[in-house]
>>> print(open('input.tsv').read())   # TSV, C-alpha atoms
chain	number	residue	atom	x	y	z
E	1	MET	CA	-6.13	-30.15	4.79
E	2	GLN	CA	-3.79	-27.20	4.43
E	3	HIS	CA	-4.37	-24.74	1.61
E	4	LYS	CA	-1.69	-22.16	0.92
E	5	ILE	CA	-4.23	-19.55	-0.20
E	6	PHE	CA	-7.30	-18.65	1.86
E	7	LEU	CA	-9.88	-16.57	-0.06
E	8	LEU	CA	-12.23	-14.58	2.17
E	9	GLY	CA	-15.33	-12.79	0.91
E	10	GLU	CA	-18.21	-10.92	2.53
E	11	ALA	CA	-21.43	-12.95	2.66
E	12	TRP	CA	-23.64	-15.23	0.60
E	13	GLY	CA	-25.78	-14.00	-2.27
E	14	ALA	CA	-28.91	-15.67	-3.62
E	15	GLU	CA	-27.10	-18.45	-5.49
E	16	GLU	CA	-24.72	-19.07	-2.60
E	17	GLU	CA	-27.69	-19.40	-0.27
E	18	ARG	CA	-29.33	-21.87	-2.64
E	19	GLN	CA	-26.20	-24.03	-2.96
E	20	GLN	CA	-24.89	-23.37	0.56
E	21	MET	CA	-21.47	-22.61	-0.91
E	22	PRO	CA	-19.37	-19.43	-1.28
E	23	PHE	CA	-18.75	-17.66	-4.58
E	24	VAL	CA	-20.92	-19.77	-6.89
E	25	GLY	CA	-22.98	-16.92	-8.35
E	26	TYR	CA	-22.15	-13.96	-10.56
E	27	ALA	CA	-19.34	-12.74	-8.28
E	28	GLY	CA	-18.01	-16.30	-8.12
E	29	HIS	CA	-17.74	-16.42	-11.90
E	30	GLN	CA	-15.72	-13.21	-11.85
E	31	LEU	CA	-13.51	-14.61	-9.09
E	32	ASN	CA	-12.87	-17.76	-11.11
E	33	THR	CA	-11.76	-15.84	-14.20
E	34	MET	CA	-9.51	-13.54	-12.17
E	35	LEU	CA	-7.90	-16.50	-10.43
E	36	GLU	CA	-7.31	-18.14	-13.79
E	37	ASP	CA	-5.68	-14.98	-15.15
E	38	ALA	CA	-3.49	-14.80	-12.06
E	39	GLY	CA	-2.36	-18.41	-12.52
E	40	ILE	CA	-4.20	-19.71	-9.45
E	41	LYS	CA	-6.32	-22.86	-9.39
E	42	ARG	CA	-9.45	-22.31	-7.34
E	43	ASN	CA	-9.60	-25.94	-6.25
E	44	GLU	CA	-6.24	-25.44	-4.53
E	45	CYS	CA	-7.62	-22.54	-2.46
E	46	TYR	CA	-9.84	-22.52	0.60
E	47	VAL	CA	-12.84	-20.26	-0.04
E	48	THR	CA	-15.24	-18.87	2.56
E	49	ASN	CA	-16.99	-15.71	3.76
E	50	VAL	CA	-17.00	-13.58	6.87
E	51	PHE	CA	-20.74	-14.24	7.16
E	52	CYS	CA	-21.89	-17.65	5.94
E	53	PHE	CA	-25.47	-16.59	5.32
E	54	ARG	CA	-27.32	-14.16	3.08
E	55	PRO	CA	-28.11	-10.73	4.57
E	56	THR	CA	-31.61	-9.46	3.93
E	57	ASN	CA	-31.78	-7.96	0.43
E	58	ASN	CA	-28.04	-8.65	0.13
E	59	ASP	CA	-27.54	-5.50	2.23
E	60	ILE	CA	-24.64	-5.84	4.66
E	61	SER	CA	-25.79	-2.73	6.53
E	62	GLY	CA	-28.64	-4.83	7.87
E	63	LEU	CA	-26.10	-6.56	10.13
E	64	CYS	CA	-25.11	-3.27	11.72
E	65	GLY	CA	-26.31	-0.92	14.43
E	66	GLY	CA	-25.02	1.81	16.71
E	67	ARG	CA	-21.71	1.79	18.55
E	68	SER	CA	-23.23	0.50	21.80
E	69	GLU	CA	-24.63	-2.53	19.94
E	70	GLY	CA	-21.45	-3.31	18.04
E	71	ILE	CA	-18.69	-5.85	18.59
E	72	THR	CA	-16.16	-4.53	21.11
E	73	GLY	CA	-12.77	-3.80	19.63
E	74	TYR	CA	-13.94	-3.51	16.04
E	75	PRO	CA	-14.36	-0.22	14.15
E	76	PRO	CA	-17.49	0.54	12.11
E	77	LEU	CA	-17.95	-1.56	9.00
E	78	LEU	CA	-19.83	1.27	7.32
E	79	ARG	CA	-19.98	4.91	8.29
E	80	SER	CA	-21.24	5.06	11.90
E	81	LYS	CA	-22.52	1.49	11.53
E	82	PHE	CA	-21.06	-1.26	13.70
E	83	VAL	CA	-21.54	-4.99	13.20
E	84	LEU	CA	-23.95	-6.21	15.85
E	85	ALA	CA	-22.48	-8.20	18.74
E	86	LYS	CA	-24.85	-11.09	18.02
E	87	TYR	CA	-22.67	-11.93	15.02
E	88	ILE	CA	-19.61	-12.69	17.12
E	89	PRO	CA	-20.14	-16.43	16.49
E	90	GLU	CA	-19.52	-15.81	12.79
E	91	LEU	CA	-16.12	-14.31	13.58
E	92	ASN	CA	-15.35	-17.19	15.93
E	93	ARG	CA	-16.25	-19.65	13.19
E	94	LEU	CA	-14.01	-17.79	10.75
E	95	ALA	CA	-11.10	-17.80	13.20
E	96	GLN	CA	-11.49	-21.55	13.61
E	97	GLU	CA	-11.56	-22.11	9.86
E	98	ILE	CA	-8.34	-20.15	9.45
E	99	ALA	CA	-6.68	-22.06	12.29
E	100	ASP	CA	-7.75	-25.39	10.76
E	101	VAL	CA	-6.48	-24.48	7.29
E	102	GLU	CA	-3.26	-22.73	8.39
E	103	PRO	CA	-2.83	-20.83	5.11
E	104	ASN	CA	0.34	-19.08	4.05
E	105	VAL	CA	-1.66	-16.06	2.88
E	106	ILE	CA	-5.23	-14.83	3.34
E	107	VAL	CA	-6.72	-12.80	0.49
E	108	CYS	CA	-9.27	-10.32	1.83
E	109	LEU	CA	-11.77	-9.79	-0.98
E	110	GLY	CA	-13.36	-6.44	-0.24
E	111	ASN	CA	-13.96	-4.16	2.71
E	112	THR	CA	-15.88	-6.60	4.91
E	113	ALA	CA	-13.08	-9.18	4.79
E	114	SER	CA	-10.51	-6.49	5.52
E	115	TRP	CA	-12.64	-5.23	8.41
E	116	ALA	CA	-12.82	-8.73	9.90
E	117	LEU	CA	-9.09	-9.41	9.78
E	118	TYR	CA	-7.53	-5.94	10.01
E	119	GLY	CA	-10.16	-3.67	11.47
E	120	ARG	CA	-9.98	-1.34	8.47
E	121	THR	CA	-12.11	-0.86	5.39
E	122	THR	CA	-10.25	1.46	3.04
E	123	ILE	CA	-9.34	-1.13	0.39
E	124	SER	CA	-8.11	1.46	-2.09
E	125	LYS	CA	-5.42	2.58	0.39
E	126	TYR	CA	-4.20	-0.79	1.64
E	127	ARG	CA	-4.82	-3.21	-1.23
E	128	GLY	CA	-1.85	-4.99	-2.73
E	129	THR	CA	0.41	-4.92	0.32
E	130	THR	CA	1.02	-7.72	2.79
E	131	ALA	CA	0.40	-7.26	6.51
E	132	ILE	CA	-0.12	-9.41	9.59
E	133	THR	CA	-3.76	-9.78	10.62
E	134	THR	CA	-4.73	-7.98	13.84
E	135	HIS	CA	-8.40	-8.98	14.29
E	136	THR	CA	-10.40	-12.25	14.35
E	137	ALA	CA	-7.46	-14.56	13.50
E	138	ILE	CA	-4.36	-12.75	14.71
E	139	GLY	CA	-0.90	-13.37	13.32
E	140	TYR	CA	-1.55	-14.54	9.75
E	141	LYS	CA	-0.19	-12.94	6.60
E	142	GLY	CA	-2.85	-11.32	4.50
E	143	ILE	CA	-3.30	-9.18	1.42
E	144	ALA	CA	-6.41	-7.23	0.46
E	145	THR	CA	-7.91	-6.56	-2.94
E	146	TYR	CA	-11.23	-5.60	-4.48
E	147	HIS	CA	-14.27	-7.86	-4.12
E	148	PRO	CA	-15.24	-9.63	-7.37
E	149	GLN	CA	-18.68	-8.02	-7.22
E	150	ALA	CA	-17.02	-4.59	-7.13
E	151	VAL	CA	-15.12	-5.64	-10.24
E	152	ASN	CA	-18.43	-6.59	-11.86
E	153	TYR	CA	-19.68	-3.07	-11.19
E	154	MET	CA	-16.44	-1.33	-12.22
E	155	ALA	CA	-14.41	-3.18	-14.82
E	156	SER	CA	-11.43	-0.83	-14.42
E	157	LEU	CA	-10.69	-2.50	-11.05
E	158	ARG	CA	-10.14	-5.88	-12.67
E	159	PRO	CA	-6.49	-5.48	-13.79
E	160	VAL	CA	-5.56	-4.27	-10.30
E	161	ALA	CA	-7.33	-7.19	-8.62
E	162	VAL	CA	-5.59	-9.67	-10.92
E	163	ILE	CA	-2.21	-8.11	-10.13
E	164	ASP	CA	-3.00	-8.42	-6.42
E	165	LEU	CA	-3.91	-12.07	-6.85
E	166	MET	CA	-0.65	-12.65	-8.71
E	167	LYS	CA	1.18	-11.21	-5.72
E	168	ALA	CA	-0.89	-13.42	-3.41
E	169	LYS	CA	0.27	-16.44	-5.41
E	170	ARG	CA	3.90	-15.44	-4.90
E	171	GLU	CA	3.30	-14.78	-1.22
E	172	SER	CA	1.63	-18.17	-0.78
E	173	GLU	CA	4.99	-19.91	-1.05
E	174	TYR	CA	5.90	-18.93	2.54
E	175	PRO	CA	3.93	-17.87	5.64
E	176	GLU	CA	6.10	-14.99	6.87
E	177	ILE	CA	6.32	-11.45	5.54
E	178	ARG	CA	9.58	-10.73	3.75
E	179	ARG	CA	10.43	-7.07	3.42
E	180	PRO	CA	13.36	-5.71	1.41
E	181	LYS	CA	16.20	-4.50	3.60
E	182	ARG	CA	16.41	-0.71	3.52
E	183	GLU	CA	18.48	1.85	5.38
E	184	VAL	CA	17.26	5.45	5.50
E	185	TRP	CA	19.36	8.26	6.93
E	186	ILE	CA	17.25	11.05	8.44
E	187	GLU	CA	18.07	14.26	10.31
E	188	PRO	CA	21.66	14.34	9.00
E	189	GLY	CA	24.45	16.79	9.71
E	190	LEU	CA	26.82	18.05	7.03
E	191	GLU	CA	29.29	15.28	7.87
E	192	ASP	CA	26.54	12.72	7.34
E	193	LEU	CA	25.83	14.10	3.87
E	194	ASN	CA	29.44	13.66	2.83
E	195	ASP	CA	29.69	10.27	4.50
E	196	PHE	CA	26.58	8.97	2.72
E	197	ASP	CA	27.92	10.30	-0.57
E	198	LYS	CA	31.24	8.48	-0.16
E	199	ARG	CA	29.60	5.21	0.88
E	200	TYR	CA	26.75	4.96	-1.59
E	201	LEU	CA	26.13	7.75	-4.10
E	202	ARG	CA	29.56	8.02	-5.72
E	203	THR	CA	29.53	4.38	-6.74
E	204	ALA	CA	25.80	4.09	-7.51
E	205	GLU	CA	24.73	2.94	-10.97
E	206	THR	CA	21.61	5.10	-10.67
E	207	ILE	CA	20.38	7.63	-8.12
E	208	SER	CA	16.70	7.96	-7.20
E	209	ILE	CA	15.56	11.49	-6.38
E	210	ASP	CA	12.35	12.79	-4.83
E	211	ILE	CA	11.37	16.20	-3.48
E	212	GLU	CA	8.68	17.33	-1.04
E	213	THR	CA	7.32	20.82	-1.51
E	214	ALA	CA	5.24	23.43	0.32
E	215	GLY	CA	4.12	26.34	-1.79
E	216	LYS	CA	7.20	27.64	-3.59
E	217	HIS	CA	9.65	25.90	-1.27
E	218	ILE	CA	11.29	22.48	-1.00
E	219	THR	CA	10.88	21.05	2.49
E	220	CYS	CA	13.21	18.11	1.90
E	221	ILE	CA	14.87	16.18	-0.89
E	222	GLY	CA	15.77	12.51	-0.91
E	223	PHE	CA	18.56	10.64	-2.68
E	224	GLY	CA	18.59	6.86	-2.85
E	225	THR	CA	20.15	3.72	-4.25
E	226	SER	CA	18.43	0.34	-4.34
E	227	THR	CA	19.08	-0.25	-0.63
E	228	HIS	CA	20.07	3.07	1.00
E	229	ALA	CA	18.45	6.48	1.12
E	230	LEU	CA	19.30	9.91	2.49
E	231	VAL	CA	16.78	12.61	3.41
E	232	VAL	CA	18.15	16.15	3.25
E	233	PRO	CA	15.72	18.38	5.20
E	234	PHE	CA	15.33	22.13	4.76
E	235	PHE	CA	12.17	22.81	6.76
E	236	ASP	CA	11.57	21.81	10.39
E	237	SER	CA	8.49	23.13	12.17
E	238	ARG	CA	10.07	22.26	15.53
E	239	LYS	CA	12.76	24.89	15.13
E	240	ALA	CA	12.55	28.66	15.38
E	241	GLY	CA	12.33	30.21	11.93
E	242	GLY	CA	11.42	26.86	10.40
E	243	SER	CA	14.87	26.06	8.98
E	244	TYR	CA	16.30	22.61	9.69
E	245	TRP	CA	19.89	23.88	9.56
E	246	PRO	CA	21.36	25.92	12.46
E	247	ASP	CA	22.35	28.92	10.35
E	248	ALA	CA	22.48	30.25	6.78
E	249	GLU	CA	26.02	28.97	6.17
E	250	TYR	CA	25.05	25.40	7.07
E	251	GLU	CA	22.04	25.64	4.76
E	252	ARG	CA	24.18	26.92	1.89
E	253	GLU	CA	26.49	23.93	2.36
E	254	ALA	CA	23.50	21.59	2.24
E	255	TRP	CA	22.25	23.19	-0.99
E	256	SER	CA	25.77	22.92	-2.41
E	257	PHE	CA	25.66	19.21	-1.68
E	258	VAL	CA	22.29	18.90	-3.44
E	259	ARG	CA	23.57	20.84	-6.47
E	260	ASP	CA	26.60	18.58	-6.75
E	261	ILE	CA	24.49	15.41	-6.80
E	262	LEU	CA	22.04	16.84	-9.35
E	263	CYS	CA	24.85	17.89	-11.70
E	264	ARG	CA	26.62	14.52	-11.76
E	265	GLY	CA	26.43	12.33	-14.83
E	266	THR	CA	25.07	9.37	-12.87
E	267	PRO	CA	21.66	8.39	-14.35
E	268	LYS	CA	18.78	9.78	-12.24
E	269	VAL	CA	15.43	8.13	-11.53
E	270	PHE	CA	12.30	10.17	-10.69
E	271	GLN	CA	8.61	9.55	-10.06
E	272	ASN	CA	6.77	12.22	-12.06
E	273	GLY	CA	10.13	13.84	-12.77
E	274	LEU	CA	8.65	16.55	-14.98
E	275	TYR	CA	7.29	18.14	-11.82
E	276	ASP	CA	10.40	17.68	-9.67
E	277	ILE	CA	12.88	18.80	-12.34
E	278	SER	CA	10.91	21.89	-13.32
E	279	PHE	CA	10.35	22.83	-9.65
E	280	LEU	CA	14.06	22.56	-8.89
E	281	TRP	CA	14.84	24.87	-11.79
E	282	ARG	CA	12.06	27.44	-11.29
E	283	ALA	CA	12.38	27.76	-7.51
E	284	TYR	CA	16.13	27.33	-7.01
E	285	GLY	CA	17.83	27.51	-10.40
E	286	LEU	CA	19.06	23.93	-10.02
E	287	SER	CA	19.39	21.83	-13.16
E	288	VAL	CA	19.39	18.05	-13.30
E	289	LYS	CA	21.89	16.20	-15.47
E	290	ASN	CA	21.03	12.83	-17.01
E	291	ALA	CA	17.45	12.40	-15.82
E	292	ALA	CA	17.29	8.98	-17.43
E	293	HIS	CA	14.16	7.32	-16.03
E	294	ASP	CA	10.69	8.18	-14.74
E	295	THR	CA	8.85	5.37	-12.96
E	296	MET	CA	5.46	7.00	-13.54
E	297	LEU	CA	6.00	7.20	-17.30
E	298	LEU	CA	7.47	3.71	-17.50
E	299	HIS	CA	4.48	2.30	-15.65
E	300	HIS	CA	2.13	4.27	-17.91
E	301	ALA	CA	3.76	2.63	-20.93
E	302	LEU	CA	3.10	-0.81	-19.41
E	303	GLN	CA	-0.39	-0.16	-17.98
E	304	PRO	CA	-1.88	3.05	-19.37
E	305	GLU	CA	-5.28	2.24	-17.89
E	306	SER	CA	-4.16	1.98	-14.25
E	307	LEU	CA	-3.28	4.40	-11.46
E	308	LYS	CA	0.17	5.97	-11.46
E	309	SER	CA	0.80	7.23	-7.92
E	310	LEU	CA	3.96	6.14	-6.13
E	311	GLY	CA	1.94	4.31	-3.51
E	312	PHE	CA	0.14	2.32	-6.20
E	313	LEU	CA	3.38	1.47	-7.99
E	314	GLY	CA	4.88	0.33	-4.70
E	315	SER	CA	1.95	-2.00	-4.09
E	316	ILE	CA	2.37	-3.87	-7.37
E	317	TYR	CA	6.13	-3.75	-8.02
E	318	THR	CA	7.58	-4.08	-4.52
E	319	ASP	CA	7.15	-6.04	-1.30
E	320	GLU	CA	7.10	-2.90	0.82
E	321	SER	CA	4.29	-2.17	3.27
E	322	ALA	CA	1.69	0.50	2.59
E	323	TRP	CA	4.17	3.15	3.67
E	324	LYS	CA	2.01	6.02	2.47
E	325	GLN	CA	-0.47	5.14	5.26
E	326	MET	CA	2.17	5.06	8.01
E	327	ARG	CA	2.36	8.84	8.40
E	328	THR	CA	0.91	10.39	11.54
E	329	THR	CA	1.04	13.94	10.21
E	330	THR	CA	-0.08	15.55	6.99
E	331	THR	CA	2.22	16.93	4.34
E	332	ILE	CA	2.72	20.69	4.50
E	333	LYS	CA	0.95	22.27	1.55
E	334	ARG	CA	1.15	25.96	2.39
E	335	ASP	CA	3.79	28.65	2.44
E	336	GLU	CA	5.58	29.00	5.75
>>> encode(input="input.tsv", output="structure tokens")
Amino acid sequence: MQHKIFLLGEAWGAEEERQQMPFVGYAGHQLNTMLEDAGIKRNECYVTNVFCFRPTNNDISGLCGGRSEGITGYPPLLRSKFVLAKYIPELNRLAQEIADVEPNVIVCLGNTASWALYGRTTISKYRGTTAITTHTAIGYKGIATYHPQAVNYMASLRPVAVIDLMKAKRESEYPEIRRPKREVWIEPGLEDLNDFDKRYLRTAETISIDIETAGKHITCIGFGTSTHALVVPFFDSRKAGGSYWPDAEYEREAWSFVRDILCRGTPKVFQNGLYDISFLWRAYGLSVKNAAHDTMLLHHALQPESLKSLGFLGSIYTDESAWKQMRTTTTIKRDE
């Protein structure tokens, strides 16, 4: 029987061992209430665990050993601790269950489930965003969130987990990942700045603005509409002197472009705009006209108890990937 939603946990606890069923103990009760709050009926989901047995003392580290003893192709489940190769049959059983159910979305409840399907364990970084599974059962759409037992230990995680389950319900209506269509212009020339302005910014109802800084300097500034974005760079470590632009005159023209956009009456949208706006004024004497909205403050008004970073907001309000984790270099945080 096909179930649209596949719920995957870690391993059995004492009550699960007694009943030979997943999520029937204390964590199961928490899962049931979260599913109810998210508008999901548990009996319409397929529920299982990565390990369908109870680890000794409920300690998952007891299933681990050194790298040489671990399952080939899988990273450590815990720090320097790899799941022993003798548990490969459990992953094979899980892969078969997923293939038999053919779900539209797999919800990874906690680090162990994420490790099994994605080969990663940093739930706080990747939760809430959809991705295609790369381990155990390859090619299925999944979304990770906190394990119900973690919610039992830390109640502040519960609203986030419920939001993630609400997204999982929406995603369960289709098996593929659907990303919003975006177009981002990078490494522009002066002609590109003017071209982008004519095509998108002059007719935009609102303009989103974001800056990246290093010490007392702006390394780049971005302008965007709902579907198109432009990155205006000012620092480039690949070039002699560190300036993106070929000479001082080109850079002055780029700053003139930035000043013109900031001074327009078009409503502006920021994330933590108090920082960006004050930085623009203090460091460059640039003022912003009609800063109408701040996504961080708007989110705080809705959910004052939750996180407010841009990555977090993206995970709950958009269908974007975890773009904050796609970087291969670190942000410059020092004077150059």
>>> atom_distance(input="input.tsv", atom1="CA of Pro246 (chain E)", atom2="CA of Pro188 (chain E)")
12.1 Å
>>> closest_residue(input="input.tsv", among="E:Tyr126, E:Phe235, E:Trp255, E:Tyr284", to="Phe312 (chain E)", atoms="all atoms listed in the file")
E:Tyr126
>>> residues_around(input="input.tsv", residues="Tyr174 (chain E)", least_positions_apart="4", cutoff="12 Å", atoms="only C-alpha atoms", output="PyMOL selection string")
chain E and resi 3-5+102-106+140-142+168-170+178
>>> closest_residue(input="input.tsv", among="E:Ala144, E:Leu274, E:Leu190, E:Ile261", to="Pro233 (chain E)", atoms="all atoms listed in the file")
E:Leu190
>>> atom_distance(input="input.tsv", atom1="CA of Ala116 (chain E)", atom2="CA of Leu63 (chain E)")
13.5 Å
>>> atom_distance(input="input.tsv", atom1="CA of Ala254 (chain E)", atom2="CA of His217 (chain E)")
14.9 Å
>>> closest_residue(input="input.tsv", among="E:Arg252, E:Arg158, E:Arg18, E:Arg202", to="Phe53 (chain E)", atoms="all atoms listed in the file")
E:Arg18
>>> axis_aligned_box(input="input.tsv", around="region 54-72 of chain E", padding_each_side="3 Å", output="lines of an AutoDock Vina configuration file")
center_x = -24.0
center_y = -6.2
center_z = 11.0
size_x = 21.6
size_y = 22.0
size_z = 27.7
>>> residues_around(input="input.tsv", residues="Thr145 (chain E)", least_positions_apart="3", cutoff="12 Å", atoms="only C-alpha atoms", output="PyMOL selection string")
chain E and resi 7-9+31+34+106-114+121-130+142+148-151+157-168+315-316
>>> residues_around(input="input.tsv", residues="Asn194 (chain E)", least_positions_apart="5", cutoff="12 Å", atoms="all atoms listed in the file", output="list in words")
Pro188, Gly189, Arg199, Tyr200, Leu201, Arg202, Leu230, Val232, Glu253, Ala254, Ser256, Phe257, Val258, Asp260 and Ile261 of chain E
